[in-house]
Number of protein chains: 4
Amino acid sequence: MPCQSNEELNRLVSEAKKHTKHGEVADYIPALKKANRDDLSVAVYHSDGNCYSAGDIEQKLTLQSISKVLTLALALIDCGEECVFNKVGYEPTGDPFNSIIKLETSRSAKPLNPMINAGALAVTHLIKGESVADRLERIIAFIRDIAGHESITYSEEVAKSEFDTAYLNRSLCYYMKQDGIINENVEELLELYTKQCAIEMDCLDLSRIGLVFAMDGLDPVREKQIIPVEVARLCKTFMVTCGMYNASGEFAVRVGIPAKSGVSGGIMGSIRNRYGIGIFGPALDERGNSIGGIKLLEMMSKQYELSIF
Amino acid sequence: MPCQSNEELNRLVSEAKKHTKHGEVADYIPALKKANRDDLSVAVYHSDGNCYSAGDIEQKLTLQSISKVLTLALALIDCGEECVFNKVGYEPTGDPFNSIIKLETSRSAKPLNPMINAGALAVTHLIKGESVADRLERIIAFIRDIAGHESITYSEEVAKSEFDTAYLNRSLCYYMKQDGIINENVEELLELYTKQCAIEMDCLDLSRIGLVFAMDGLDPVREKQIIPVEVARLCKTFMVTCGMYNASGEFAVRVGIPAKSGVSGGIMGSIRNRYGIGIFGPALDERGNSIGGIKLLEMMSKQYELSIF
Amino acid sequence: MPCQSNEELNRLVSEAKKHTKHGEVADYIPALKKANRDDLSVAVYHSDGNCYSAGDIEQKLTLQSISKVLTLALALIDCGEECVFNKVGYEPTGDPFNSIIKLETSRSAKPLNPMINAGALAVTHLIKGESVADRLERIIAFIRDIAGHESITYSEEVAKSEFDTAYLNRSLCYYMKQDGIINENVEELLELYTKQCAIEMDCLDLSRIGLVFAMDGLDPVREKQIIPVEVARLCKTFMVTCGMYNASGEFAVRVGIPAKSGVSGGIMGSIRNRYGIGIFGPALDERGNSIGGIKLLEMMSKQYELSIF
Amino acid sequence: MPCQSNEELNRLVSEAKKHTKHGEVADYIPALKKANRDDLSVAVYHSDGNCYSAGDIEQKLTLQSISKVLTLALALIDCGEECVFNKVGYEPTGDPFNSIIKLETSRSAKPLNPMINAGALAVTHLIKGESVADRLERIIAFIRDIAGHESITYSEEVAKSEFDTAYLNRSLCYYMKQDGIINENVEELLELYTKQCAIEMDCLDLSRIGLVFAMDGLDPVREKQIIPVEVARLCKTFMVTCGMYNASGEFAVRVGIPAKSGVSGGIMGSIRNRYGIGIFGPALDERGNSIGGIKLLEMMSKQYELSIF
């Protein structure tokens with residue numbers, strides 16, 4: 001067992017758990033409905049290789065929007081900063097993550113940033129490969145490498161469930177296709193995107209990935225630079241400005257940690273030069289973030305002085 | 001030849017033709033690009049069965065947005081006013097015909113009216129039938145009946161051309177599917193919609209259809225009520241408030257005739273109890289209306305006192 | 001007494017009154033709150049000089065948005081069509097009457113049409129005169145002339161009440177001033193506008209004004225052309241496309257009469273070459289139109305075949 | 001002279017100056033037009049009391065939007081976090097700083113954050129005091145205290161110039177007054193706001209203020225806690241997420257320093273526990289930020305590893 005239960009973390013998790021009853025498990029993706037609302041677990045992976053945890057950290061979760069950070073990193077490696085920001089912007093937005101308005105009122109359909117769905121779809125569009133299968137394999141291999149965990153794969157069931165009901169994402173894709181932002185087959189892009197979102201891991205994996213970003217792309221355990229420094233730091237910037245959907249501004253004020261959430265209830269966080277955090281708490285607040293996870297990070301930030309501001 | 005060339009109409013057409021050079025043939029649908037910018041023809045079909053014309057009125061055009069009026073009539077017959085206006089609204093809009101904003105800022109994705117693309121797609125969704133082929137056949141049979149012309153059909157080439165590039169319409173459909181406005185297969189709906197838009201006829205047919213609406217649904221030649229009075233009048237209302245894309249308000253002021261345009265350059269008009277008008281002039285102004293056709297209708301309205309206001 | 005009570009109208013009013021309990025008296029202007037929710041009265045002024053009525057047609061009401069039609073007519077007389085439509089557009093809008101969004105998303109702050117508040121303010125801005133007092137006097141004189149009623153004036157109390165709370169109209173004015181649409185002192189323009197909205201009359205006056213528009217600007221009683229034909233018809237066009245706030249489209253379908261409503265509960269209607277209608281029913285529906293008045297017009301339209309469509 | 005010219009800074013300024021020719025001096029406020037496009041100066045104030053500079057750091061500039069950070073701090077001190085965020089939100093926005101759309105499409109007129117004009121006006125509204133004069137005096141006293149410079153005051157000329165042309169800000173204020181966000185006299189609020197924006201200082205002052213924020217509210221020179229820690233850190237969070245108008249996201253990626261710009265060409269920056277930066281470079285890019293200033297900060301960030309990400 002690579003991670004040891006920690007008393008202080010257990011205490012914080014107990015405290016944060018009190019809030020889970022005010023949240024709801026995501027129901028728009030059928031396969032996510034099965035999660036247990038009261039679950040909350042956390043793994044904290046330090047740069048010295050030690051790991052501390054609370055709760056059942058071996059429970060599986062799908063990445064969902066957390067994957068947006070990882071494909072952004074791979075797209076930046078694949079085609080460079082100029083190429084990526086030719087397709088998506090840098091700016092945060094107060095609009096909900098699934099908004100289509102900005103695509104129309106802006107002069108072009110260029111999505112505002114890579115963390116909203118439209119932007120993430122445009123980023124996944126840039127992932128290189130011969131076929132959907134090939135591009136998916138490259139994404140998964142990249143994630144396995146960061147997490148140092150060879151058996152990571154995606155959930156067929158969740159991917160199918162999302163693919164079948166992804167009407168809004170199809171709408172966003174076709175809008176961008178009309179405007180020339182993307183030019184591949186929309187169903188293929190959605191297949192790739194929903195599979196990417198359905199990549200499965202546990203909190204421990206998540207904390208390892210958070211650690212690599214915390215170390216500016218270096219895996220301190222294997223002493224290997226997995227993501228170029230510039231790419232890792234750029235990704236963390238977007239985690240701060242747009243990582244928590246349209247609660248990013250409030251999260252920056254209250255917590256101040258580079259973090260990215262997903263509607264599965266996962267949150268990945270990075271404390272520079274210190275540690276990575278992986279959280280799983282499927283009860284969501286009304287803006288789609290893990291309600292227990294946010295509470296936990298808020299307490300950790302106060303207690304350990306983690307805010308970057 | 002059922003329609004005789006008329007000197008006064010020829011004079012008006014000559015005058016209106018001077019404006020065609022300021023317009024452009026639609027280029028967003030590849031198959032429409034082949035049209036001749038300087039063409040302008042008109043047929044005027046009177047309730048007594050006499051018909052007058054100017055220009056080559058046997059040239060074929062596809063209905064495009066003009067078909068929206070006809071499917072609205074058929075959907076009203078198929079499922080009634082309450083059913084139709086449960087899916088689309090009554091209100092005109094100053095937004096362009098292809099806008100998606102209103103779907104998002106309104107509380108529901110219900111399109112504002114049946115003449116914008118989103119609304120027309122929701123209306124076509126309501127056309128009854130076992131299959132796309134069956135529903136298309138019903139639309140075509142309905143149009144043949146109104147026009148009194150059994151050989152009317154659709155252009156495979158234009159339909160295919162539109163279907164292949166209908167990204168924005170796909171975006172609108174998926175947005176509405178997300179919100180439960182439509183619940184059929186989007187590709188099937190688009191197949192039906194693009195074939196409906198590609199139904200082909202000439203100005204003479206168009207003027208016959210305009211006449212039936214002018215007579216509140218009665219074909220005066222065959223003395224047959226083809227469209228219920230209420231349905232025909234409701235359709236004419238939308239022709240006035242939203243028939244000319246987002247130039248409808250200005251057209252109402254300058255011309256004041258219930259009319260519906262299409263990006264092929266066609267315009268169908270209805271002068272109550274008097275006659276139907278069919279125009280073909282493929283040079284479009286920047287809002288997608290036949291530039292020569294609008295000029296011609298403006299002159300006819302002044303000369304023959306046709307405004308309903 | 002110039003108008004005689006009519007049995008059939010009384011019956012229709014009784015029927016329409018059943019709906020007033022579902023409406024609410026306007027409360028955003030303090031002085032309007034005093035109205036009696038169950039009131040409903042109508043005057044119908046025929047071109048032959050005969051007048052029929054039901055209910056207490058001598059009750060006073062303020063014009064509110066009905067005045068927009070009258071200042072539009074005067075502005076068109078004062079500075080011509082080109083000058084007016086340089087400041088406002090022709091297009092209807094599905095947005096609420098007080099929306100500011102279109103001013104921002106359109107390339108310029110030019111209001112969409114003269115019937116929304118922004119447009120009406122831009123139109124009043126064009127009324128000529130040396131001073132606010134002078135311009136107000138010209139507006140009142142114009143209205144007195146149309147109504148053939150020399151003692152018409154405005155309510156100081158209502159004007160003051162509206163002026164004091166007109167924050168949204170101030171917001172619209174300053175937005176347009178920023179963009180050069182208006183360039184006078186905003187407080188002065190608002191003084192003029194709120195006084196114009198507070199012009200007081202009764203249903204009988206309203207029906208006389210409706211008659212003049214019905215006769216394309218001619219007062220048939222005095223045989224005097226008060227408004228140029230073109231101006232009167234243009235005004236009626238806007239009554240049809242945008243006369244009933246953002247219920248104009250539905251009103252066109254259900255009623256089909258050129259009409260303009262105000263939040264005081266007044267409605268002025270015009271039946272071409274036949275008669276003018278003046279209605280007062282202060283209970284409003286959620287879109288700001290007299291709920292009893294609309295019901296009454298719907299029944300009159302069906303019974304007497306009044307729809308222009 | 002408290003600040004000594006520094007060779008390395010001089011070199012960076014020379015390099016950054018090459019970009020000023022691509023910018024334009026603000027012209028929407030008449031009094032700002034007089035600035036010299038090619039000016040660029042910087043002061044860097046260290047926590048040990050040493051100060052380094054390049055260019056003419058005694059040139060005066062007005063704070064403009066930089067003042068938004070300072071009134072936010074004072075409002076938080078005056079009425080607390082809950083009170084402030086009852087009036088404005090936490091969320092960044094991709095819309096331009098002067099946008100009014102969000103006020104309408106959001107359910108309430110609550111501005112998205114305290115750094116856009118609407119939000120800053122709502123914050124200034126909360127500054128306590130008996131009168132405009134009294135509140136202004138409190139703002140100025142607060143700023144003098146932070147800068148440790150007793151003679152700081154505002155420019156009557158610039159304040160008047162802005163007050164006279166502040167039509168858009170008036171529009172925003174009246175819109176918020178309609179919705180109950182603000183409830184004071186708009187002209188008085190604008191007087192206070194434009195005077196606050198016209199507060200004048202030089203780069204040296206600006207760097208001292210930046211230092212106090214860098215030290216979480218402590219003035220290390222006088223060893224005095226001037227702003228509570230929580231308030232100072234909260235302000236820096238908004239500097240990161242929304243400090244550079246709608247280029248904040250790109251600035252976070254390229255530079256990563258908490259900073260706030262103004263249309264006068266000023267930028268204040270804070271490097272935690274290290275130093276404050278004051279820049280004056282009046283040539284602006286198209287998003288309203290000092291073009292030379294941004295270039296300079298980008299070079300400083302790279303050279304001295306200043307990014308918080």
# chains A, B, ... in the order shown; residues from 1 in each chain; ligands from 1
call {"tool": "interface_residues", "arguments": {"of": "chain D", "to": "chain C", "cutoff": "7 Å", "atoms": "only C-alpha atoms", "output": "PyMOL selection string"}}
result
chain D and resi 101+104+167-168+170-172+174-175+177-178
call {"tool": "residues_around", "arguments": {"residues": "segment 40-42 of chain D", "least_positions_apart": "4", "cutoff": "8 Å", "atoms": "only C-alpha atoms", "output": "VMD selection string"}}
result
chain D and resid 9 13 17 53 to 57 203 to 204 277 to 282 292 to 293
call {"tool": "write_last_selection", "arguments": {"atoms": "N, CA, C and O atoms", "output": "tab-separated table (two decimals), in the first residue's frame"}}
result
chain	number	residue	atom	x	y	z
D	9	LEU	N	17.53	47.48	-14.96
D	9	LEU	CA	16.17	47.97	-15.25
D	9	LEU	C	16.19	48.88	-16.46
D	9	LEU	O	15.29	48.84	-17.30
D	13	VAL	N	13.91	48.47	-19.73
D	13	VAL	CA	13.00	49.54	-20.18
D	13	VAL	C	13.31	49.92	-21.62
D	13	VAL	O	12.39	50.10	-22.44
D	17	LYS	N	10.56	49.63	-24.51
D	17	LYS	CA	10.15	50.87	-25.18
D	17	LYS	C	9.95	50.70	-26.68
D	17	LYS	O	9.21	51.44	-27.31
D	53	SER	N	15.20	52.07	-9.97
D	53	SER	CA	14.30	52.67	-10.96
D	53	SER	C	14.96	52.79	-12.33
D	53	SER	O	16.17	52.64	-12.48
D	54	ALA	N	14.11	53.06	-13.31
D	54	ALA	CA	14.56	53.38	-14.66
D	54	ALA	C	13.56	54.36	-15.24
D	54	ALA	O	12.36	54.20	-15.03
D	55	GLY	N	14.05	55.35	-15.95
D	55	GLY	CA	13.15	56.36	-16.52
D	55	GLY	C	12.80	57.41	-15.50
D	55	GLY	O	13.25	57.38	-14.36
D	56	ASP	N	11.96	58.34	-15.91
D	56	ASP	CA	11.58	59.47	-15.07
D	56	ASP	C	10.45	59.04	-14.13
D	56	ASP	O	9.27	59.14	-14.48
D	57	ILE	N	10.81	58.58	-12.95
D	57	ILE	CA	9.79	58.02	-12.06
D	57	ILE	C	9.06	59.08	-11.24
D	57	ILE	O	8.24	58.76	-10.39
D	203	CYS	N	5.39	56.89	-10.12
D	203	CYS	CA	5.73	55.46	-10.10
D	203	CYS	C	6.28	55.02	-8.76
D	203	CYS	O	6.08	53.86	-8.36
D	204	LEU	N	6.96	55.92	-8.11
D	204	LEU	CA	7.55	55.59	-6.82
D	204	LEU	C	6.45	55.27	-5.82
D	204	LEU	O	6.49	54.26	-5.11
D	277	ILE	N	6.02	46.95	-7.58
D	277	ILE	CA	6.45	47.53	-8.86
D	277	ILE	C	5.47	48.63	-9.25
D	277	ILE	O	4.26	48.47	-9.14
D	278	GLY	N	6.02	49.78	-9.67
D	278	GLY	CA	5.18	50.86	-10.20
D	278	GLY	C	5.67	51.21	-11.59
D	278	GLY	O	6.85	51.45	-11.80
D	279	ILE	N	4.75	51.18	-12.57
D	279	ILE	CA	5.14	51.44	-13.96
D	279	ILE	C	4.26	52.55	-14.53
D	279	ILE	O	3.07	52.64	-14.22
D	280	PHE	N	4.87	53.40	-15.35
D	280	PHE	CA	4.08	54.37	-16.10
D	280	PHE	C	4.51	54.33	-17.56
D	280	PHE	O	5.67	54.60	-17.88
D	281	GLY	N	3.55	54.00	-18.43
D	281	GLY	CA	3.82	53.96	-19.87
D	281	GLY	C	2.51	54.20	-20.59
D	281	GLY	O	1.72	53.27	-20.75
D	282	PRO	N	2.22	55.42	-21.00
D	282	PRO	CA	0.87	55.78	-21.45
D	282	PRO	C	0.41	55.19	-22.78
D	282	PRO	O	-0.78	55.24	-23.09
D	292	GLY	N	3.99	49.07	-23.26
D	292	GLY	CA	5.38	48.97	-22.80
D	292	GLY	C	5.45	48.34	-21.42
D	292	GLY	O	6.34	47.54	-21.12
D	293	GLY	N	4.48	48.68	-20.59
D	293	GLY	CA	4.45	48.16	-19.23
D	293	GLY	C	4.29	46.65	-19.21
D	293	GLY	O	4.96	45.94	-18.45
call {"tool": "residues_around", "arguments": {"residues": "Thr241 of chain C", "least_positions_apart": "6", "cutoff": "12 Å", "atoms": "only C-alpha atoms", "output": "VMD selection string"}}
result
(chain B and resid 90 to 94 237 to 243 248 to 253 256 309) or (chain C and resid 90 to 94 112 to 116 234 to 235 247 to 253 256 to 260)
call {"tool": "select_by_dssp", "arguments": {"residues": "segment 157-239 of chain D", "states": "strand (DSSP E)", "output": "list of chain:residue names"}}
result
D:Ile199, D:Glu200, D:Met201, D:Leu218, D:Asp219, D:Lys224, D:Gln225
call {"tool": "atom_distance", "arguments": {"atom1": "atom CA of Arg11 of chain B", "atom2": "atom CA of Glu286 of chain B"}}
result
25.6 Å
call {"tool": "residues_around", "arguments": {"residues": "Arg287 of chain A", "least_positions_apart": "4", "cutoff": "9 Å", "atoms": "only C-alpha atoms", "output": "PyMOL selection string"}}
result
chain A and resi 96+244-247
call {"tool": "select_by_dssp", "arguments": {"residues": "segment 47-287 of chain A", "states": "helix (DSSP H, G or I)", "output": "MDAnalysis selection string"}}
result
chainID A and resid 64:85 101:105 117:125 132:147 156:165 167:178 186:197 203:214 229:242 245:254
call {"tool": "closest_residue", "arguments": {"among": "C:Ala43, C:Met201, C:Ile66, C:Val132", "to": "Asn185 of chain C", "atoms": "only C-alpha atoms"}}
result
C:Val132
call {"tool": "closest_residue", "arguments": {"among": "A:Glu15, A:Asp78, A:Glu156, A:Glu184", "to": "Ile139 of chain A", "atoms": "only C-alpha atoms"}}
result
A:Asp78
call {"tool": "atom_distance", "arguments": {"atom1": "atom CA of Ile127 of chain A", "atom2": "atom CA of Leu74 of chain A"}}
result
7.0 Å
call {"tool": "closest_residue", "arguments": {"among": "C:Arg233, C:Glu162, C:Leu12, C:Ile77", "to": "Arg254 of chain B", "atoms": "only C-alpha atoms"}}
result
C:Arg233
call {"tool": "residues_around", "arguments": {"residues": "Phe163 of chain C", "least_positions_apart": "5", "cutoff": "10 Å", "atoms": "only C-alpha atoms", "output": "VMD selection string"}}
result
chain C and resid 29 157 to 158 169 to 170 187 190 to 195
call {"tool": "closest_residue", "arguments": {"among": "C:Ile143, C:Ala133, C:Leu189, C:Leu297", "to": "Leu121 of chain C", "atoms": "only C-alpha atoms"}}
result
C:Leu189
call {"tool": "atom_distance", "arguments": {"atom1": "atom CA of Gly23 of chain D", "atom2": "atom CA of Gly265 of chain D"}}
result
10.6 Å
